[in-house]
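Below: one structure, written as structure tokens.
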Amino acid sequence: MSKHRRVWSYPWILALAYLVLGALWILVSDRVVAGLAGSQAELQAWQLWKGWVFVGATALVLFLLARAFLRSSYATRTTLARIMDLLPDPAVVRKVDDDTYLVANRAFQRVLGRERGGVEGRDPDELGIQFDPADWAEYGRHLEAEGEVRDFPLHVILPDGTPRTWLTSSARDEFQGTGVIVATTKDVTDLEAARLHAENQVRRIKSLREIDLAITASRDLPVTLDLVLQQVVEHLAADAAAILMWSDVSQKFEFAAARGFRTRALRHTALALGEGYAGQVARDRRTRVVQDLATEPGSLARSPELEDEDFASYAATPLVAKGRVNGVLEVFRRSPLPGSREWRDFLEVLAGQAAIAIDSAHLFQDLQDSHRRLRAAYGHTIEGWARALTLRDAETWDHTERVTEITLRLARRMGVPEEALTHVRHGALLHDIGKVGVPDAILLKPGPLDEDEWRIMRRHPVLAYQLLAPIDYLQPALAIPYAHHEKWDGTGYPRGLSGREIPFTARIFAVVDVWDALRSDRPYRDAWSPEKALEHIRAQSGRQFDPEVTSAFLALHEEEGLEAMRGTDHGSGPSVPVGGNTPSGLA
Ligand SMILES: [Fe+2]
Ligand SMILES: [Fe+2]
């Protein structure tokens, strides 16, 4: 505000002074002239002189004022230019009305390759500076609305054709009565390129990490390969990419995964080592880049569908893991590929990841196969033992098979987890394996056992424990062979466990085993009737058996028709439990 008052008040003071002086001149000069003149003619001559003196004095004042004004105006501009020259970055004063540069500092002249005077009075077009139109419009809008902008990025092409990025700070102002824009710029082209490069690197590292995680977490090879191809397309500026995988069966590189193709080209690819680009790349173990497929179509010319893809360039690199080529990564583009050293490096890094993924998937596959074979071998061995056992026991293989099946159903019904059922199965199959240590005379005795014989017979769970405990694989299956004669009320053997001390699966098995034994013929008695057997089970709930397991068994018996599983040739004759022992004693 104060600045404005000074600017305005100065000419008024001049005008006022002029008015006062003029008025005084008129008042005083006429009297002086009248006093000096002796005649009318002399007065006229004096008046004329007085007029000339006035005009002359006014002209002199005007001359002095104009000179002072012009000098100061010139000095202001020179000083401004000098200050601007001191700035290391380009700076300009540009007129708003015609876009011409009023002042341009040395740094700006240097950027344009011009001398001082070569820039002033011209506009960007005349100087050959091309601002990005969108940037320029946006910049103008901001400047118009806010009066100034800071660090606005302007993309510009210089007269010599080089594209640069200028970070511009500008403000609207008035200079010597003209609307101007004062602007200074910083060339951030290299900085921006470095930033983009760094961002790119970070993105690439992230993508590698993603692939790593996928390799570690996912056993699904197609998912991992698809992720690798996604990264290839994204980070290597490719339009399409494919992975061929070595097949030991066909002895060829076969199509495994693809991304970005318009057609089903490559789906039936199968190349021998050394055959086609991919085969050659695998044989030579070297990346190959074909920048112009039109002049070097190679083996790709043979795929008619590939023609519809309009690919212009191609690259392939071998997938090598542990010194073995297990596939080929192929990259396609509908324009020339970047193909720089850095580009190739990243292609090879991604190929390395794909190779590791394939290798680890094969490893896992092999491991799973061996594991499956091993488990099957164990399963068959255990079943073999169980069968061998029934060769000399009163119990039949049918009994073993049946109680195993029913125990599994009951266990599943009672919420035993699926992964534990294998052990339940093994435990049930081997439940009486301890009887291998019981002499034939006792085991096969047709009549009741005496006290000593019973003592030996009751050792079979402990014998089972001693037999199986050293075998790691069978540890989880021990519960049933070791504890199937324990009773809920604590009167069982060998350890006299009670209630929930008895392993859950042994409690389940005990009910099934006793029921099936009662329903079967024995050398010393006939099978019990279904009703009588069930009555016995019910009666033993809370005594011999866990009440919960008993109810679950009775429900299962009713719902799934367990009697039907036994066929028709058992369970009708009179039932005579022998020896005063509970029937389960011989189960
Ligand atoms: Fe037993
Ligand atoms: Fe049994």
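Ordering of the structure tokens sets the chain letters (A, B, ...), residue numbers begin anew at 1 in every chain, and ligands are numbered from 1 in the order given.
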Legend entry - Who sits within 8 Å of Met457 (chain A), only C-alpha atoms, same chain under 6 positions skipped, as a ChimeraX atom specification: /A:435,438,442-443
Could you turn the residues from that selection into a file that holds C-alpha atoms, as a tab-separated table (two decimals), in the first residue's frame?
```tsv
chain	number	residue	atom	x	y	z
A	435	LYS	CA	-0.43	-112.32	21.15
A	438	VAL	CA	1.45	-115.97	23.99
A	442	ILE	CA	-2.85	-120.92	25.92
A	443	LEU	CA	-3.88	-119.02	22.82
```
Inset, instruction - Return as a VMD selection string the residues of protein, DNA or RNA that approach ligand 1 to within 10 Å, with only C-alpha atoms and all ligand atoms taken into account. - result: chain A and resid 430 to 435 457 to 461 464 480 to 485 510 513 to 514 584 to 587
Inset, instruction - Going by DSSP on the backbone, which bits of region 266-312 of chain A are strand (DSSP E or B)? Write them as a list in words, please. - result: Ala270, Leu271, Arg288, Val289 and Val290 of chain A
Create the file for the chosen residues now, containing C-alpha atoms and written as a PDB file, in the first residue's frame.
```
ATOM      1  CA  ALA A 270       7.723 -79.588 -28.717  1.00  0.00           C
ATOM      2  CA  LEU A 271      11.343 -78.934 -29.642  1.00  0.00           C
ATOM      3  CA  ARG A 288      19.414 -64.963 -27.815  1.00  0.00           C
ATOM      4  CA  VAL A 289      17.715 -61.727 -28.897  1.00  0.00           C
ATOM      5  CA  VAL A 290      16.218 -61.426 -32.396  1.00  0.00           C
TER       6      VAL A 290
END
```
Tell me which protein, DNA and RNA residues are within 6 Å of Thr165 (chain A), counting only C-alpha atoms, leaving out same-chain ones fewer than 3 positions away, and put them as a PDB file with C-alpha atoms, in the first residue's frame.
```pdb
ATOM      1  CA  LEU A 154       7.279 -28.969 -17.461  1.00  0.00           C
ATOM      2  CA  HIS A 155       8.309 -31.423 -20.163  1.00  0.00           C
ATOM      3  CA  ASP A 187      16.620 -29.125 -15.009  1.00  0.00           C
ATOM      4  CA  VAL A 188      15.660 -32.358 -13.257  1.00  0.00           C
ATOM      5  CA  THR A 189      15.899 -34.657 -16.262  1.00  0.00           C
TER       6      THR A 189
END
```
All residues 12 Å or closer to region 174-185 of chain A, only C-alpha atoms, same chain fewer than 5 positions away omitted, as a PDB file with C-alpha atoms, in the first residue's frame:
```
ATOM      1  CA  VAL A   7       4.444   6.014  -6.881  1.00  0.00           C
ATOM      2  CA  PHE A  69      13.251   8.490 -16.072  1.00  0.00           C
ATOM      3  CA  LEU A  70      14.797   6.657 -19.006  1.00  0.00           C
ATOM      4  CA  SER A  72      16.484   4.868 -14.144  1.00  0.00           C
ATOM      5  CA  SER A  73      14.337   2.500 -16.237  1.00  0.00           C
ATOM      6  CA  TYR A  74      17.374   1.256 -18.136  1.00  0.00           C
ATOM      7  CA  ALA A  75      19.347   0.942 -14.917  1.00  0.00           C
ATOM      8  CA  THR A  76      16.552  -1.136 -13.339  1.00  0.00           C
ATOM      9  CA  ARG A  77      16.498  -3.580 -16.230  1.00  0.00           C
ATOM     10  CA  LEU A  80      17.685  -7.044 -12.859  1.00  0.00           C
ATOM     11  CA  ALA A  81      19.538  -8.824 -15.670  1.00  0.00           C
ATOM     12  CA  MET A  84      19.444 -12.888 -12.717  1.00  0.00           C
ATOM     13  CA  ASP A  85      22.817 -13.706 -14.293  1.00  0.00           C
ATOM     14  CA  LEU A  87      21.516 -17.375 -10.533  1.00  0.00           C
ATOM     15  CA  PRO A  88      22.922 -20.794 -11.446  1.00  0.00           C
ATOM     16  CA  ASP A  89      19.583 -21.929 -12.883  1.00  0.00           C
ATOM     17  CA  PRO A  90      17.834 -20.524 -15.940  1.00  0.00           C
ATOM     18  CA  ALA A  91      15.620 -17.528 -15.098  1.00  0.00           C
ATOM     19  CA  VAL A  92      13.493 -15.298 -17.317  1.00  0.00           C
ATOM     20  CA  VAL A  93      11.058 -12.410 -17.289  1.00  0.00           C
ATOM     21  CA  ARG A  94       8.417 -13.056 -19.911  1.00  0.00           C
ATOM     22  CA  LYS A  95       5.711 -10.652 -21.055  1.00  0.00           C
ATOM     23  CA  VAL A  96       2.176 -11.854 -20.457  1.00  0.00           C
ATOM     24  CA  ASP A  97       0.596 -10.282 -23.530  1.00  0.00           C
ATOM     25  CA  ASP A  98       2.788 -11.760 -26.274  1.00  0.00           C
ATOM     26  CA  ASP A  99       4.873 -14.408 -24.460  1.00  0.00           C
ATOM     27  CA  THR A 100       8.136 -12.760 -25.509  1.00  0.00           C
ATOM     28  CA  TYR A 101      11.126 -12.804 -23.163  1.00  0.00           C
ATOM     29  CA  LEU A 102      11.903  -9.423 -21.644  1.00  0.00           C
ATOM     30  CA  VAL A 103      14.965 -10.577 -19.748  1.00  0.00           C
ATOM     31  CA  ALA A 104      16.718 -13.957 -19.949  1.00  0.00           C
ATOM     32  CA  ASN A 105      19.712 -14.776 -17.784  1.00  0.00           C
ATOM     33  CA  ALA A 107      21.995 -19.844 -17.715  1.00  0.00           C
ATOM     34  CA  PHE A 108      18.897 -19.704 -19.911  1.00  0.00           C
ATOM     35  CA  VAL A 111      20.548 -23.852 -22.348  1.00  0.00           C
ATOM     36  CA  TYR A 139       0.925 -24.460 -15.854  1.00  0.00           C
ATOM     37  CA  GLY A 140      -0.878 -21.446 -17.328  1.00  0.00           C
ATOM     38  CA  LEU A 143      -0.465 -19.296 -12.714  1.00  0.00           C
ATOM     39  CA  GLU A 144      -3.671 -17.554 -13.694  1.00  0.00           C
ATOM     40  CA  GLY A 147      -0.573 -15.848  -9.202  1.00  0.00           C
ATOM     41  CA  GLU A 148       2.382 -18.143  -8.669  1.00  0.00           C
ATOM     42  CA  VAL A 149       3.408 -21.798  -8.986  1.00  0.00           C
ATOM     43  CA  ARG A 150       6.232 -23.664  -7.339  1.00  0.00           C
ATOM     44  CA  ASP A 151       8.194 -26.631  -8.666  1.00  0.00           C
ATOM     45  CA  PHE A 152       5.845 -27.309 -11.533  1.00  0.00           C
ATOM     46  CA  PRO A 153       7.225 -30.059 -13.824  1.00  0.00           C
ATOM     47  CA  LEU A 154       7.279 -28.969 -17.461  1.00  0.00           C
ATOM     48  CA  HIS A 155       8.309 -31.423 -20.163  1.00  0.00           C
ATOM     49  CA  VAL A 156      10.082 -29.570 -22.907  1.00  0.00           C
ATOM     50  CA  ARG A 164      14.203 -32.373 -20.755  1.00  0.00           C
ATOM     51  CA  THR A 165      12.157 -32.005 -17.611  1.00  0.00           C
ATOM     52  CA  TRP A 166      12.141 -28.552 -16.041  1.00  0.00           C
ATOM     53  CA  LEU A 167      10.931 -27.909 -12.539  1.00  0.00           C
ATOM     54  CA  THR A 168       9.578 -24.372 -12.831  1.00  0.00           C
ATOM     55  CA  SER A 169       8.703 -21.816 -10.171  1.00  0.00           C
TER      56      SER A 169
END
```
Inset, instruction - For region 254-257 of chain A, work out the shell of residues within 8 Å, counting only C-alpha atoms and skipping chain neighbours fewer than 3 positions away, then give it as an NGL selection string. - result: :A and (222 or 225-226 or 242-247 or 266-271)
Same residues, C-alpha atoms, output as a compact mmCIF listing (two decimals), in the first residue's frame:
```txt
# COMPACT_ATOMS: atom_id res chain seq x y z
CA PRO A 222 1.60 -73.55 -13.09
CA LEU A 225 5.27 -70.06 -13.72
CA ASP A 226 2.35 -67.78 -14.49
CA ALA A 242 6.07 -68.41 -22.72
CA ILE A 243 7.90 -71.14 -20.85
CA LEU A 244 8.86 -74.43 -22.45
CA MET A 245 9.73 -77.25 -20.04
CA TRP A 246 11.98 -80.22 -20.67
CA SER A 247 10.12 -83.52 -20.63
CA LEU A 266 2.97 -72.32 -29.25
CA ARG A 267 0.47 -74.53 -27.35
CA HIS A 268 1.66 -77.60 -29.25
CA THR A 269 5.33 -76.70 -29.28
CA ALA A 270 7.72 -79.59 -28.72
CA LEU A 271 11.34 -78.93 -29.64
```
Inset, instruction - With a distance cut-off of 8 Å and only C-alpha atoms, select the neighbouring residues of Leu429 (chain A), excluding the residue or stretch itself and same-chain residues fewer than 2 positions from it, and output the selection as a PyMOL selection string. - result: chain A and resi 382-383+386+400-401+404+425-427+431
Would you mind exporting C-alpha atoms of the selected residues as a short mmCIF file (atom, residue, chain, number, x, y, z; two decimals), in the first residue's frame?
```
data_model
loop_
_atom_site.label_atom_id
_atom_site.label_comp_id
_atom_site.auth_asym_id
_atom_site.auth_seq_id
_atom_site.Cartn_x
_atom_site.Cartn_y
_atom_site.Cartn_z
CA ILE A 382 1.35 -103.75 8.78
CA GLU A 383 -1.50 -105.51 7.03
CA ALA A 386 -2.04 -108.50 11.01
CA THR A 400 -9.58 -107.68 12.30
CA GLU A 401 -10.74 -106.15 9.05
CA THR A 404 -10.71 -101.73 11.86
CA ARG A 425 -6.19 -97.88 11.30
CA HIS A 426 -2.70 -99.19 12.03
CA GLY A 427 -3.50 -99.51 15.74
CA HIS A 431 -4.48 -104.52 18.23
#
```
Inset, instruction - Just the residues within 12 Å of Leu293 (chain A), please, counting only C-alpha atoms, with nothing from its chain fewer than 4 positions along; format it as a PyMOL selection string. - result: chain A and resi 277+289+297-301+306-307+309-315+332-337
Save the residues we just selected, C-alpha atoms, as an mmCIF file, in the first residue's frame?
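Dumped everything to result-v8.cif:
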```cif
data_model
loop_
_atom_site.group_PDB
_atom_site.id
_atom_site.type_symbol
_atom_site.label_atom_id
_atom_site.label_comp_id
_atom_site.auth_asym_id
_atom_site.auth_seq_id
_atom_site.Cartn_x
_atom_site.Cartn_y
_atom_site.Cartn_z
ATOM 1 C CA TYR A 277 15.491 -70.897 -31.480
ATOM 2 C CA VAL A 289 17.715 -61.727 -28.897
ATOM 3 C CA PRO A 297 12.132 -65.586 -38.732
ATOM 4 C CA GLY A 298 14.090 -68.752 -37.862
ATOM 5 C CA SER A 299 12.031 -71.644 -36.531
ATOM 6 C CA LEU A 300 9.168 -69.358 -35.555
ATOM 7 C CA ALA A 301 8.193 -69.035 -39.224
ATOM 8 C CA LEU A 306 2.323 -67.063 -34.712
ATOM 9 C CA GLU A 307 2.052 -64.945 -37.871
ATOM 10 C CA GLU A 309 0.387 -62.413 -33.488
ATOM 11 C CA ASP A 310 2.358 -59.763 -35.454
ATOM 12 C CA PHE A 311 5.456 -60.160 -33.324
ATOM 13 C CA ALA A 312 8.395 -58.028 -34.419
ATOM 14 C CA SER A 313 11.071 -59.197 -31.990
ATOM 15 C CA TYR A 314 11.919 -62.230 -29.895
ATOM 16 C CA ALA A 315 14.260 -63.325 -27.131
ATOM 17 C CA PHE A 332 7.846 -61.704 -27.703
ATOM 18 C CA ARG A 333 7.170 -58.093 -28.619
ATOM 19 C CA ARG A 334 5.199 -56.403 -31.369
ATOM 20 C CA SER A 335 7.896 -53.708 -31.631
ATOM 21 C CA PRO A 336 11.681 -53.944 -31.085
ATOM 22 C CA LEU A 337 12.721 -55.237 -27.655
#
```
Inset, instruction - Measure the distance from CA of Ala214 (chain A) to CA of Gln251 (chain A) in Å and round it to one decimal. - result: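 Answer for the CA of Ala214 (chain A) to CA of Gln251 (chain A) separation: 27.7 Å.
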